[in-house]
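So this one's target28.txt, compact mmCIF, C-alpha atoms and all ligand atoms:
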```txt
# COMPACT_ATOMS: atom_id res chain seq x y z
CA MET I 1281 123.96 3.11 110.39
CA ARG I 1282 127.09 0.98 110.66
CA VAL I 1283 129.81 1.63 108.13
CA CYS I 1284 133.23 0.24 107.36
CA PRO I 1285 135.76 2.58 108.98
CA ARG I 1286 138.03 2.32 105.93
CA CYS I 1287 135.73 2.78 102.94
CA LEU I 1288 132.45 3.79 104.63
CA GLU I 1289 130.41 1.10 102.85
CA PRO I 1290 127.32 0.23 104.89
CA LEU I 1291 127.79 -2.96 106.90
CA ASP I 1292 124.33 -4.42 106.60
CA ALA I 1293 125.84 -7.69 105.52
CA PRO I 1294 129.49 -8.18 106.44
CA VAL I 1295 131.17 -10.92 104.50
CA TRP I 1296 133.58 -13.40 106.00
CA ARG I 1297 136.66 -14.08 103.95
CA ASP I 1298 139.64 -16.36 104.26
CA ALA I 1299 143.29 -15.49 103.75
CA THR I 1300 142.95 -15.54 99.96
CA GLY I 1301 140.02 -13.16 100.03
CA ALA I 1302 137.51 -15.82 99.06
CA PRO I 1303 134.14 -15.52 100.78
CA ARG I 1304 133.71 -18.21 103.44
CA ARG I 1305 131.17 -19.16 105.99
CA PRO I 1306 132.10 -17.74 109.36
CA PRO I 1307 133.61 -20.23 111.79
CA ALA I 1308 130.86 -22.46 113.15
CA GLU I 1309 131.15 -21.49 116.79
CA ARG I 1310 130.74 -17.84 115.98
CA ARG I 1311 127.98 -18.34 113.51
CA SER I 1312 125.10 -17.42 115.76
CA ARG I 1313 126.79 -14.17 116.62
CA TRP I 1314 126.84 -13.08 113.00
CA GLN I 1315 123.62 -14.75 112.01
CA ARG I 1316 121.58 -11.62 111.63
CA TRP I 1317 124.22 -10.03 109.47
CA LEU I 1318 124.35 -13.02 107.21
CA ASP I 1319 120.66 -13.73 106.92
CA PRO I 1320 120.13 -11.38 103.99
CA LEU I 1321 122.81 -13.25 102.05
CA ARG I 1322 121.26 -16.66 102.38
CA GLY I 1323 120.13 -18.22 99.15
CA GLU I 1324 122.07 -15.75 97.05
CA PRO I 1325 125.54 -16.60 95.81
CA LEU I 1326 128.19 -14.27 97.17
CA PRO I 1327 129.63 -11.88 94.59
CA PRO I 1328 133.11 -12.92 93.52
CA PRO I 1329 135.70 -10.73 95.20
CA THR I 1330 137.67 -8.39 92.98
CA LEU I 1331 141.45 -8.37 93.05
CA LYS I 1332 141.34 -5.32 95.25
CA ASP I 1333 138.95 -7.04 97.65
CA ALA I 1334 141.29 -9.97 97.80
CA ALA I 1335 144.30 -7.78 98.47
CA GLY I 1336 142.47 -6.06 101.27
CA ALA I 1337 141.59 -9.33 102.88
CA ALA I 1338 144.78 -11.18 102.11
CA ALA I 1339 146.42 -10.38 105.40
CA ALA I 1340 143.44 -11.63 107.30
CA ASN I 1341 142.53 -15.07 108.40
CA VAL I 1342 138.83 -15.75 108.23
CA GLY I 1343 137.17 -12.72 109.71
CA PRO I 1344 134.36 -10.29 109.09
CA THR I 1345 135.02 -7.80 106.32
CA CYS I 1346 133.06 -5.03 104.69
CA PRO I 1347 131.59 -5.64 101.21
CA ARG I 1348 134.84 -4.35 99.69
CA GLY I 1349 136.99 -6.73 101.68
CA HIS I 1350 138.38 -4.50 104.41
CA ARG I 1351 138.96 -6.50 107.55
CA LEU I 1352 136.98 -5.02 110.42
CA PRO I 1353 138.70 -4.36 113.73
CA PRO I 1354 137.98 -7.07 116.33
CA SER I 1355 134.39 -6.93 117.58
CA PHE I 1356 133.79 -3.75 115.59
CA LEU I 1357 130.18 -4.67 114.93
CA ASP I 1358 129.43 -5.31 118.58
CA ARG I 1359 129.92 -1.66 119.46
CA PRO I 1360 128.22 1.55 118.41
CA THR I 1361 130.42 3.80 116.29
CA ILE I 1362 130.98 7.52 116.63
CA VAL I 1363 132.34 8.93 113.39
CA VAL I 1364 134.03 12.29 113.94
CA GLY I 1365 134.69 14.48 110.90
CA LEU I 1366 137.22 17.30 111.12
CA VAL I 1367 136.17 20.27 109.01
CA GLY I 1368 138.18 23.42 108.42
CA LEU I 1369 140.05 25.22 105.68
CA THR I 1370 143.73 24.81 104.80
CA GLY I 1371 145.97 25.44 107.79
CA ALA I 1372 143.17 25.47 110.36
CA SER I 1373 145.16 23.03 112.57
CA LYS I 1374 143.04 19.96 111.86
CA SER I 1375 145.94 17.53 111.56
CA THR I 1376 148.00 19.15 114.29
CA TYR I 1377 145.08 19.19 116.71
CA LEU I 1378 144.08 15.61 115.91
CA THR I 1379 147.63 14.35 116.42
CA VAL I 1380 147.82 15.99 119.84
CA LEU I 1381 144.34 14.83 120.80
CA VAL I 1382 144.91 11.20 119.82
CA ASP I 1383 148.24 11.27 121.63
CA GLN I 1384 146.54 12.54 124.78
CA LEU I 1385 143.90 9.82 124.52
CA HIS I 1386 146.63 7.25 124.07
CA GLU I 1387 148.47 8.59 127.09
CA GLY I 1388 145.44 8.05 129.30
CA ALA I 1389 143.73 11.45 129.26
CA LEU I 1390 140.37 9.76 129.89
CA ALA I 1391 141.65 7.43 132.60
CA PRO I 1392 140.27 9.65 135.41
CA LEU I 1393 136.81 8.89 133.96
CA GLY I 1394 137.55 5.19 134.00
CA VAL I 1395 137.86 5.14 130.21
CA SER I 1396 140.58 3.20 128.44
CA VAL I 1397 141.60 3.77 124.84
CA GLU I 1398 142.98 1.37 122.27
CA MET I 1399 143.91 2.13 118.68
CA ASP I 1400 143.63 -0.41 115.90
CA GLU I 1401 146.95 -1.60 114.45
CA ASP I 1402 146.53 -0.05 111.08
CA SER I 1403 145.71 3.38 112.52
CA ALA I 1404 148.51 3.11 115.05
CA ALA I 1405 151.11 2.65 112.33
CA ARG I 1406 149.94 5.74 110.48
CA PHE I 1407 149.50 7.72 113.65
CA GLU I 1408 153.06 6.97 114.73
CA ASP I 1409 154.46 8.93 111.76
CA ALA I 1410 152.55 12.07 112.67
CA ARG I 1411 153.21 11.63 116.36
CA TYR I 1412 156.94 11.25 115.87
CA ARG I 1413 157.17 14.25 113.60
CA LEU I 1414 155.11 16.63 115.73
CA LEU I 1415 155.64 15.48 119.29
CA VAL I 1416 159.13 14.01 119.24
CA ALA I 1417 160.93 15.93 116.47
CA ARG I 1418 158.69 18.99 117.12
CA GLN I 1419 158.38 19.72 113.41
CA GLN I 1420 155.38 21.14 111.57
CA LEU I 1421 153.17 18.51 109.97
CA PRO I 1422 152.88 18.61 106.20
CA LEU I 1423 149.62 19.82 104.70
CA THR I 1424 147.24 16.93 104.22
CA PRO I 1425 147.32 15.93 100.54
CA PRO I 1426 144.07 16.36 98.64
CA LEU I 1427 142.36 13.16 97.52
CA LEU I 1428 142.39 12.25 93.87
CA GLY I 1429 139.80 9.53 93.49
CA GLU I 1430 136.20 10.61 93.47
CA GLY I 1431 134.14 9.05 96.21
CA SER I 1432 137.24 8.31 98.25
CA SER I 1433 137.90 9.23 101.84
CA PRO I 1434 141.05 9.85 103.81
CA GLU I 1435 142.32 6.98 105.95
CA PRO I 1436 140.79 7.34 109.39
CA PHE I 1437 142.21 6.83 112.87
CA SER I 1438 140.11 4.14 114.54
CA LEU I 1439 140.02 3.82 118.31
CA VAL I 1440 138.04 1.80 120.81
CA LEU I 1441 136.96 3.46 124.04
CA ARG I 1442 135.90 1.37 127.01
CA GLY I 1443 134.34 2.83 130.09
CA PRO I 1444 131.92 2.15 132.88
CA GLY I 1445 128.31 1.90 131.76
CA ARG I 1446 125.10 1.72 133.68
CA GLY I 1447 124.77 -0.88 136.42
CA GLY I 1448 128.48 -1.70 136.49
CA ALA I 1449 128.52 -3.09 132.97
CA GLU I 1450 131.27 -2.07 130.57
CA ARG I 1451 130.34 0.21 127.73
CA SER I 1452 132.44 0.56 124.62
CA VAL I 1453 132.37 2.53 121.39
CA ASN I 1454 134.35 2.72 118.19
CA LEU I 1455 135.65 6.25 117.78
CA VAL I 1456 136.69 6.97 114.20
CA PHE I 1457 138.35 10.26 113.17
CA PHE I 1458 138.50 11.53 109.60
CA ASP I 1459 140.95 14.32 108.74
CA ALA I 1460 140.81 15.60 105.17
CA SER I 1461 142.57 18.34 103.26
CA GLY I 1462 140.99 21.73 103.89
CA GLU I 1463 141.24 22.47 100.22
CA GLN I 1464 138.46 19.99 99.51
CA LEU I 1465 136.19 21.01 102.36
CA TYR I 1466 134.46 24.19 101.35
CA ARG I 1467 133.06 23.83 97.83
CA SER I 1468 129.87 21.83 98.02
CA GLU I 1469 130.77 19.79 94.94
CA ASP I 1470 134.13 18.82 96.49
CA MET I 1471 132.46 17.94 99.78
CA GLY I 1472 130.22 15.59 97.85
CA ARG I 1473 133.07 14.19 95.78
CA TYR I 1474 135.85 13.77 98.32
CA GLY I 1475 134.07 14.06 101.63
CA ARG I 1476 132.29 10.74 101.84
CA PHE I 1477 133.07 10.60 105.53
CA LEU I 1478 130.97 13.72 106.06
CA TYR I 1479 127.88 11.71 105.16
CA ALA I 1480 128.68 9.06 107.74
CA ALA I 1481 129.82 11.42 110.49
CA THR I 1482 127.70 11.91 113.60
CA ALA I 1483 130.02 14.41 115.21
CA PHE I 1484 131.88 17.35 113.73
CA LEU I 1485 134.90 19.32 114.82
CA VAL I 1486 134.64 22.59 112.92
CA MET I 1487 138.06 24.22 113.16
CA LEU I 1488 138.61 27.96 112.75
CA ALA I 1489 141.96 29.70 113.10
CA PRO I 1490 142.01 33.15 114.76
CA GLY I 1491 143.52 34.86 111.70
CA VAL I 1492 140.31 34.45 109.71
CA PHE I 1493 138.47 36.93 111.95
CA PRO I 1494 138.77 40.56 110.77
CA GLY I 1495 139.85 41.87 114.18
CA LEU I 1496 142.52 39.18 114.55
CA ARG I 1497 144.00 39.35 111.09
CA HIS I 1498 147.40 40.33 112.50
CA LEU I 1499 147.60 36.80 113.96
CA ALA I 1500 147.09 35.04 110.63
CA ASP I 1501 149.63 32.49 109.47
CA PRO I 1502 150.87 32.99 105.90
CA GLY I 1503 148.01 32.50 103.44
CA GLU I 1504 145.33 32.41 106.12
CA GLU I 1505 143.92 35.91 105.80
CA SER I 1506 143.43 35.42 102.08
CA LEU I 1507 140.92 32.66 102.81
CA GLY I 1508 138.49 35.24 104.10
CA LEU I 1509 135.59 35.01 106.48
CA ALA I 1510 133.01 34.61 103.72
CA ARG I 1511 134.61 31.39 102.53
CA HIS I 1512 134.44 29.99 106.05
CA THR I 1513 130.80 30.96 106.32
CA GLN I 1514 130.19 29.21 103.02
CA MET I 1515 131.97 26.13 104.36
CA VAL I 1516 129.64 26.06 107.36
CA VAL I 1517 126.55 26.51 105.18
CA ASN I 1518 127.70 23.74 102.83
CA LEU I 1519 128.40 21.43 105.74
CA ALA I 1520 125.01 22.14 107.32
CA ASN I 1521 123.29 21.39 104.01
CA LEU I 1522 125.30 18.25 103.40
CA VAL I 1523 124.61 16.83 106.86
CA ARG I 1524 120.90 17.29 106.28
CA SER I 1525 120.84 16.03 102.72
CA ALA I 1526 122.74 12.93 103.85
CA ARG I 1527 119.73 12.23 106.06
CA HIS I 1528 117.20 13.25 103.41
CA LEU I 1529 116.16 16.25 105.48
CA HIS I 1530 115.00 19.69 104.45
CA PRO I 1531 117.80 22.31 104.65
CA ASP I 1532 116.07 24.01 107.58
CA SER I 1533 115.11 20.99 109.63
CA ALA I 1534 116.54 20.08 113.01
CA LEU I 1535 119.07 17.28 113.21
CA GLU I 1536 118.80 14.47 115.69
CA GLY I 1537 121.77 12.52 116.90
CA VAL I 1538 124.44 14.76 115.38
CA SER I 1539 126.54 17.31 117.22
CA THR I 1540 129.20 19.90 116.57
CA ALA I 1541 132.11 21.35 118.45
CA VAL I 1542 133.22 24.65 116.93
CA VAL I 1543 136.91 24.95 117.74
CA LEU I 1544 138.89 28.17 117.77
CA THR I 1545 142.38 26.80 117.12
CA LYS I 1546 145.88 28.20 117.75
CA ALA I 1547 144.51 29.98 120.82
CA ASP I 1548 148.08 30.37 122.13
CA LYS I 1549 148.25 33.33 119.74
CA LEU I 1550 145.33 34.91 121.60
CA ARG I 1551 146.81 34.98 125.08
CA ALA I 1552 147.99 38.56 124.55
CA VAL I 1553 144.72 39.77 123.01
CA ALA I 1554 142.91 42.09 125.41
CA ASP I 1555 139.38 40.69 125.40
CA PHE I 1556 140.21 37.04 124.93
CA PRO I 1557 138.95 35.05 127.93
CA ALA I 1558 142.42 33.56 128.46
CA ASP I 1559 141.48 32.01 131.80
CA THR I 1560 139.31 29.56 129.87
CA LEU I 1561 142.26 28.10 128.00
CA GLY I 1562 143.48 25.29 130.16
CA ASP I 1563 143.10 21.70 131.18
CA PRO I 1564 141.33 21.31 134.49
CA ASP I 1565 142.18 18.04 136.22
CA LEU I 1566 139.49 15.53 135.23
CA ALA I 1567 140.10 13.64 138.46
CA ALA I 1568 139.45 16.69 140.63
CA VAL I 1569 136.40 18.27 138.98
CA PRO I 1570 133.19 16.32 138.38
CA LEU I 1571 132.38 16.09 134.69
CA ALA I 1572 129.08 17.92 135.16
CA HIS I 1573 130.94 20.94 136.57
CA ARG I 1574 133.37 20.81 133.71
CA PHE I 1575 130.46 20.86 131.27
CA GLU I 1576 128.89 23.84 133.05
CA ASP I 1577 132.21 25.63 132.54
CA VAL I 1578 132.28 24.59 128.90
CA HIS I 1579 128.84 26.05 128.48
CA ARG I 1580 129.85 29.36 130.06
CA THR I 1581 133.14 29.54 128.18
CA SER I 1582 131.33 28.82 124.98
CA SER I 1583 129.16 31.94 125.42
CA ARG I 1584 132.16 34.07 126.29
CA LEU I 1585 133.99 32.90 123.18
CA VAL I 1586 130.98 33.69 121.03
CA ASP I 1587 130.93 37.24 122.44
CA PHE I 1588 134.67 37.57 121.85
CA LEU I 1589 134.55 36.36 118.26
CA GLU I 1590 131.52 38.49 117.43
CA ALA I 1591 133.40 41.55 118.69
CA GLU I 1592 136.30 40.59 116.40
CA GLY I 1593 134.03 40.78 113.38
CA GLY I 1594 132.85 37.18 113.29
CA SER I 1595 129.10 37.68 113.86
CA ASN I 1596 128.09 36.41 110.49
CA LEU I 1597 130.15 33.25 110.72
CA LEU I 1598 129.17 32.62 114.34
CA THR I 1599 125.48 33.20 113.74
CA THR I 1600 125.58 30.80 110.83
CA ALA I 1601 127.47 28.15 112.76
CA LEU I 1602 125.27 28.39 115.86
CA HIS I 1603 122.00 28.37 113.95
CA ARG I 1604 122.76 25.88 111.21
CA LEU I 1605 125.03 23.30 112.81
CA PRO I 1606 123.56 20.74 115.19
CA ARG I 1607 124.03 21.27 118.95
CA PRO I 1608 127.08 23.52 118.79
CA THR I 1609 129.44 24.46 121.59
CA VAL I 1610 132.42 26.75 121.06
CA HIS I 1611 135.88 25.92 122.41
CA ALA I 1612 139.33 27.48 122.33
CA VAL I 1613 142.29 25.12 121.96
CA SER I 1614 145.99 25.28 121.34
CA ALA I 1615 147.53 22.10 119.99
CA THR I 1616 151.14 23.18 120.18
CA GLY I 1617 151.17 26.02 122.71
CA ALA I 1618 153.27 28.23 120.45
CA ASP I 1619 153.98 29.22 116.87
CA ALA I 1620 156.43 27.19 114.87
CA ARG I 1621 159.69 28.94 113.94
CA ASP I 1622 161.78 27.76 111.02
CA GLY I 1623 159.65 24.65 110.75
CA GLY I 1624 160.01 23.64 114.40
CA TYR I 1625 158.18 24.25 117.66
CA PRO I 1626 160.17 25.38 120.69
CA ARG I 1627 158.15 22.91 122.77
CA ILE I 1628 154.75 21.31 122.51
CA ALA I 1629 152.43 22.49 125.28
CA PRO I 1630 148.80 21.79 124.34
CA ALA I 1631 145.86 23.44 126.07
CA GLY I 1632 142.15 22.73 126.01
CA CYS I 1633 142.31 19.95 123.43
CA LEU I 1634 140.22 17.43 125.32
CA ASP I 1635 137.08 19.52 125.95
CA PRO I 1636 135.62 19.44 122.42
CA LEU I 1637 135.89 15.65 122.41
CA LEU I 1638 134.39 15.30 125.89
CA VAL I 1639 131.35 17.21 124.69
CA LEU I 1640 131.01 15.14 121.52
CA LEU I 1641 131.31 11.92 123.55
CA ALA I 1642 128.62 13.14 125.92
CA ARG I 1643 126.33 14.18 123.07
CA ALA I 1644 126.78 10.74 121.56
CA GLY I 1645 125.77 9.12 124.85
CA PHE I 1646 129.13 7.61 125.78
CA LEU I 1647 129.63 10.02 128.70
CA PRO I 1648 126.90 11.52 130.90
CA ASP I 1649 125.87 14.91 129.51
CA ASP I 1650 124.80 16.54 132.79
CA GLY I 1651 125.71 20.21 132.86
CA LEU I 1652 125.91 20.65 129.11
CA ASP I 1653 122.49 22.11 128.56
CA VAL I 1654 122.02 24.29 131.63
CA ASP I 1655 119.72 27.06 130.54
CA GLU I 1656 121.39 30.29 131.35
CA HIS I 1657 120.49 33.82 130.35
CA GLY I 1658 122.47 35.01 127.39
CA ALA I 1659 123.95 31.62 126.62
CA GLY I 1660 122.52 31.83 123.15
CA LEU I 1661 123.58 28.33 122.25
CA SER I 1662 121.56 25.36 121.13
CA ARG I 1663 118.39 27.27 121.80
CA GLU I 1664 117.27 27.09 118.20
CA TRP I 1665 117.37 23.35 118.37
CA SER I 1666 115.50 22.83 121.59
CA GLY I 1667 112.07 23.70 120.26
N1 LIG I 1701 150.52 28.80 117.10
C1 LIG I 1701 149.97 27.67 116.67
N2 LIG I 1701 150.10 27.30 115.38
C2 LIG I 1701 149.50 26.14 114.99
C3 LIG I 1701 148.77 25.32 115.87
N3 LIG I 1701 148.30 24.27 115.17
C4 LIG I 1701 148.71 24.43 113.90
N4 LIG I 1701 149.45 25.56 113.78
C5 LIG I 1701 150.09 26.11 112.56
O1 LIG I 1701 149.22 25.92 111.46
C6 LIG I 1701 149.85 25.11 110.47
C7 LIG I 1701 148.85 24.23 109.75
O2 LIG I 1701 148.37 23.24 110.63
P1 LIG I 1701 147.77 21.87 110.06
O3 LIG I 1701 147.41 21.07 111.27
O4 LIG I 1701 148.66 21.27 109.08
O5 LIG I 1701 146.45 22.41 109.35
P2 LIG I 1701 145.33 21.53 108.60
O6 LIG I 1701 144.03 22.09 109.03
O7 LIG I 1701 145.55 20.09 108.80
O8 LIG I 1701 145.58 21.95 107.07
P3 LIG I 1701 145.26 21.07 105.73
O9 LIG I 1701 145.81 19.72 105.95
O10 LIG I 1701 145.93 21.79 104.60
O11 LIG I 1701 143.79 21.12 105.54
C8 LIG I 1701 150.90 24.34 111.24
O12 LIG I 1701 151.93 23.89 110.41
C9 LIG I 1701 151.37 25.39 112.24
O13 LIG I 1701 152.24 26.29 111.62
C10 LIG I 1701 148.65 25.73 117.23
O14 LIG I 1701 148.01 25.10 118.08
N5 LIG I 1701 149.26 26.91 117.58
MG MG I 1702 145.92 18.54 107.55
ZN ZN I 1703 135.58 -1.15 103.61
```
Final structure tokens representation of the file:
Amino acid sequence: MRVCPRCLEPLDAPVWRDATGAPRRPPAERRSRWQRWLDPLRGEPLPPPTLKDAAGAAAANVGPTCPRGHRLPPSFLDRPTIVVGLVGLTGASKSTYLTVLVDQLHEGALAPLGVSVEMDEDSAARFEDARYRLLVARQQLPLTPPLLGEGSSPEPFSLVLRGPGRGGAERSVNLVFFDASGEQLYRSEDMGRYGRFLYAATAFLVMLAPGVFPGLRHLADPGEESLGLARHTQMVVNLANLVRSARHLHPDSALEGVSTAVVLTKADKLRAVADFPADTLGDPDLAAVPLAHRFEDVHRTSSRLVDFLEAEGGSNLLTTALHRLPRPTVHAVSATGADARDGGYPRIAPAGCLDPLLVLLARAGFLPDDGLDVDEHGAGLSREWSG
């Protein structure tokens, strides 16, 4: 399903509007391109735009908009869209991780795979604030404010990825990230009320900080240990139910076309922990290692992390995540490389941030997924979903 990246309205019938927000026919030469989108509208008068619609479209010249008047990024409808939802409780590192990840994408992290990245203007302006604060001033990001309006969604970051496709053709996707406040992400009624993006998402980054695991409580940031493991397990259960109900599926049914990366965040804190597989926390050179090898490593690391977290008292949470979420892999990342002191980071040295996204891009068909599903003894992942 195609949705507007701003308000998530379905885009079955995009509406062309002029600079005043009034519905217009699309320019003649482009008409055939949009024909199929406009066909359903023929014969029916277009609904008059509301003031809000008009405001949304005012900046635009004639161009395709969603039913609410949001101007769509150029050629948005020509590409498939991967909607990535970040899910995790307060302080899990969602915003910090996303800022570092988007910065790495912007800086050409996918270039060794022949993939270029472009951010839409509107996202870029908002991203710049977070980027400056975290990566230039090296300050902690503020907590993401909770949403007030029911049925609303946070403003996403929208990117376009272009890479080599089959037979030398170019392949491109819209990659849209939603980062909400953790406070509104664990009660099922809040997920329904403020988490509209969760219904549209086809990929999930489920973020867990080390301090929530009983054996790692000494690593918790202030307030983290009070969130408790049970609340995280509930979050995962609620998410798994929501993702299925959004598709009108039974709570126990398998999910097609959706995938999850479970991310153990702030892994810099774990370097000194005895059984943590610290050698897995790094960024192998994408240019030097074929992607399929990288994915085999991801698969292995994933199993080792599951073992580690189970030993730290996380079995219940891990079992729930691995059995209920679609196609999960487990990753360790550090967005900043170190704890903040007095509101600032000594330096920003990320590790492992790209892997979860590489997997989600491969699951979504934008990158080849060779190596991801090697069947290995004791891997224990994805098996529930293969049969
Ligand atoms: N050591 C370490 N600390 C981190 C890292 N990422 C985040 N933190 C700490 O965790 C705090 C919260 O991170 P945020 O990114 O704001 O968390 P969030 O998940 O967006 O939280 P909400 O917006 O409230 O849902 C940061 O201010 C840092 O103190 C990391 O990679 N390493
Ligand atoms: Mg946040
Ligand atoms: Zn919209």
Exercise: range 1573-1577 of chain I partners within 9 Å, all atoms listed in the file, chain neighbours under 2 positions left out, as a list in words: Thr1560, Pro1564, Leu1566, Val1569, Pro1570, Leu1571, His1579, Arg1580, Thr1581, Ser1582, Asp1635, Leu1638, Val1639, Asp1649, Asp1650, Gly1651, Leu1652, Asp1653 and Val1654 of chain I
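Nearest residue to ligand LIG 1701 (chain I) among I:Arg1413, I:His1386, I:Lys1549, I:Arg1282 is I:Lys1549, counting only C-alpha atoms and all ligand atoms.
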Can you list, as a short mmCIF file (atom, residue, chain, number, x, y, z; two decimals) with C-alpha atoms, in the coordinates of the input, every protein, DNA or RNA residue that comes within 12 Å of Val1283 in chain I when you count all atoms listed in the file, leaving out same-chain residues fewer than 4 positions away?
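New file out-v8.cif:
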```cif
data_model
loop_
_atom_site.label_atom_id
_atom_site.label_comp_id
_atom_site.auth_asym_id
_atom_site.auth_seq_id
_atom_site.Cartn_x
_atom_site.Cartn_y
_atom_site.Cartn_z
CA CYS I 1287 135.73 2.78 102.94
CA LEU I 1288 132.45 3.79 104.63
CA GLU I 1289 130.41 1.10 102.85
CA PRO I 1290 127.32 0.23 104.89
CA LEU I 1291 127.79 -2.96 106.90
CA ASP I 1292 124.33 -4.42 106.60
CA ALA I 1293 125.84 -7.69 105.52
CA PRO I 1294 129.49 -8.18 106.44
CA THR I 1345 135.02 -7.80 106.32
CA CYS I 1346 133.06 -5.03 104.69
CA PRO I 1347 131.59 -5.64 101.21
CA ARG I 1348 134.84 -4.35 99.69
CA HIS I 1350 138.38 -4.50 104.41
CA LEU I 1352 136.98 -5.02 110.42
CA PHE I 1356 133.79 -3.75 115.59
CA LEU I 1357 130.18 -4.67 114.93
CA ARG I 1359 129.92 -1.66 119.46
CA PRO I 1360 128.22 1.55 118.41
CA THR I 1361 130.42 3.80 116.29
CA ILE I 1362 130.98 7.52 116.63
CA VAL I 1363 132.34 8.93 113.39
CA ASN I 1454 134.35 2.72 118.19
CA VAL I 1456 136.69 6.97 114.20
CA ARG I 1476 132.29 10.74 101.84
CA PHE I 1477 133.07 10.60 105.53
CA TYR I 1479 127.88 11.71 105.16
CA ALA I 1480 128.68 9.06 107.74
CA ALA I 1481 129.82 11.42 110.49
CA THR I 1482 127.70 11.91 113.60
#
```
Nearest-residue call for Asp1459 in chain I, choices I:Ala1520, I:Leu1634, I:Leu1415, I:Leu1485, using all atoms listed in the file: I:Leu1485
Contacts of ligand LIG 1701 (chain I), 9 Å or closer, all atoms listed in the file, given as a ChimeraX atom specification: /I:1366-1379,1419-1426,1459-1465,1487-1489,1501-1502,1545-1549,1613-1621,1623-1625,1628-1631
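Residue nearest ligand ZN 1703 (chain I), chosen from I:Glu1401, I:Asp1409, I:Glu1435, I:Asp1383 and counting all atoms listed in the file: I:Glu1435.
Distances from I:Ser1433, I:Pro1531, I:Leu1519, I:Ser1355 to ligand ZN 1703 (chain I) were compared using only C-alpha atoms and all ligand atoms, and the smallest one belongs to I:Ser1433.
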Point-to-point distance from CA of Thr1609 in chain I to CA of Ala1483 in chain I, Å rounded to tenths: 11.9 Å
Neighbouring residues of Thr1600 in chain I were defined as those with any atom within 9 Å, considering only C-alpha atoms; residues of the same chain fewer than 6 positions away were excluded. Please report them as a CSV table (one decimal) with C-alpha atoms, in the coordinates of the input.
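Dumped everything to part-v4.csv:
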```csv
chain,number,residue,atom,x,y,z
I,1513,THR,CA,130.8,31.0,106.3
I,1516,VAL,CA,129.6,26.1,107.4
I,1517,VAL,CA,126.6,26.5,105.2
```
Between CA of Asp1532 in chain I and CA of Val1486 in chain I, distance in Å (one decimal): 19.4 Å
One-decimal distance in Å that lies between CA of Gly1431 in chain I and CA of Tyr1474 in chain I: 5.4 Å
Distance criterion (all atoms listed in the file): nearest to Gly1443 in chain I out of I:Gly1495, I:Ala1572, I:Pro1392, I:Leu1414: I:Pro1392
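Across I:Ala1552, I:Met1471, I:Ala1410, I:Leu1496, the tightest approach to ligand MG 1702 (chain I) is made by I:Ala1410 when counting only C-alpha atoms and all ligand atoms.
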Which neighbours of Asp1587 in chain I fall inside 10 Å, counting all atoms listed in the file, when residues of the same chain fewer than 3 positions from it are skipped, and could you give them as a short mmCIF file (atom, residue, chain, number, x, y, z; two decimals) with C-alpha atoms, in the coordinates of the input?
```cif
data_model
loop_
_atom_site.label_atom_id
_atom_site.label_comp_id
_atom_site.auth_asym_id
_atom_site.auth_seq_id
_atom_site.Cartn_x
_atom_site.Cartn_y
_atom_site.Cartn_z
CA ASP I 1555 139.38 40.69 125.40
CA PHE I 1556 140.21 37.04 124.93
CA PRO I 1557 138.95 35.05 127.93
CA THR I 1581 133.14 29.54 128.18
CA SER I 1582 131.33 28.82 124.98
CA SER I 1583 129.16 31.94 125.42
CA ARG I 1584 132.16 34.07 126.29
CA GLU I 1590 131.52 38.49 117.43
CA ALA I 1591 133.40 41.55 118.69
CA GLU I 1592 136.30 40.59 116.40
CA GLY I 1594 132.85 37.18 113.29
CA SER I 1595 129.10 37.68 113.86
CA LEU I 1598 129.17 32.62 114.34
CA ALA I 1659 123.95 31.62 126.62
#
```
Non-local contacts of Ser1525 in chain I (12 Å; all atoms listed in the file; under 2 positions in same chain excluded) as a ChimeraX atom specification: /I:1468,1472,1478-1480,1518-1523,1527-1535
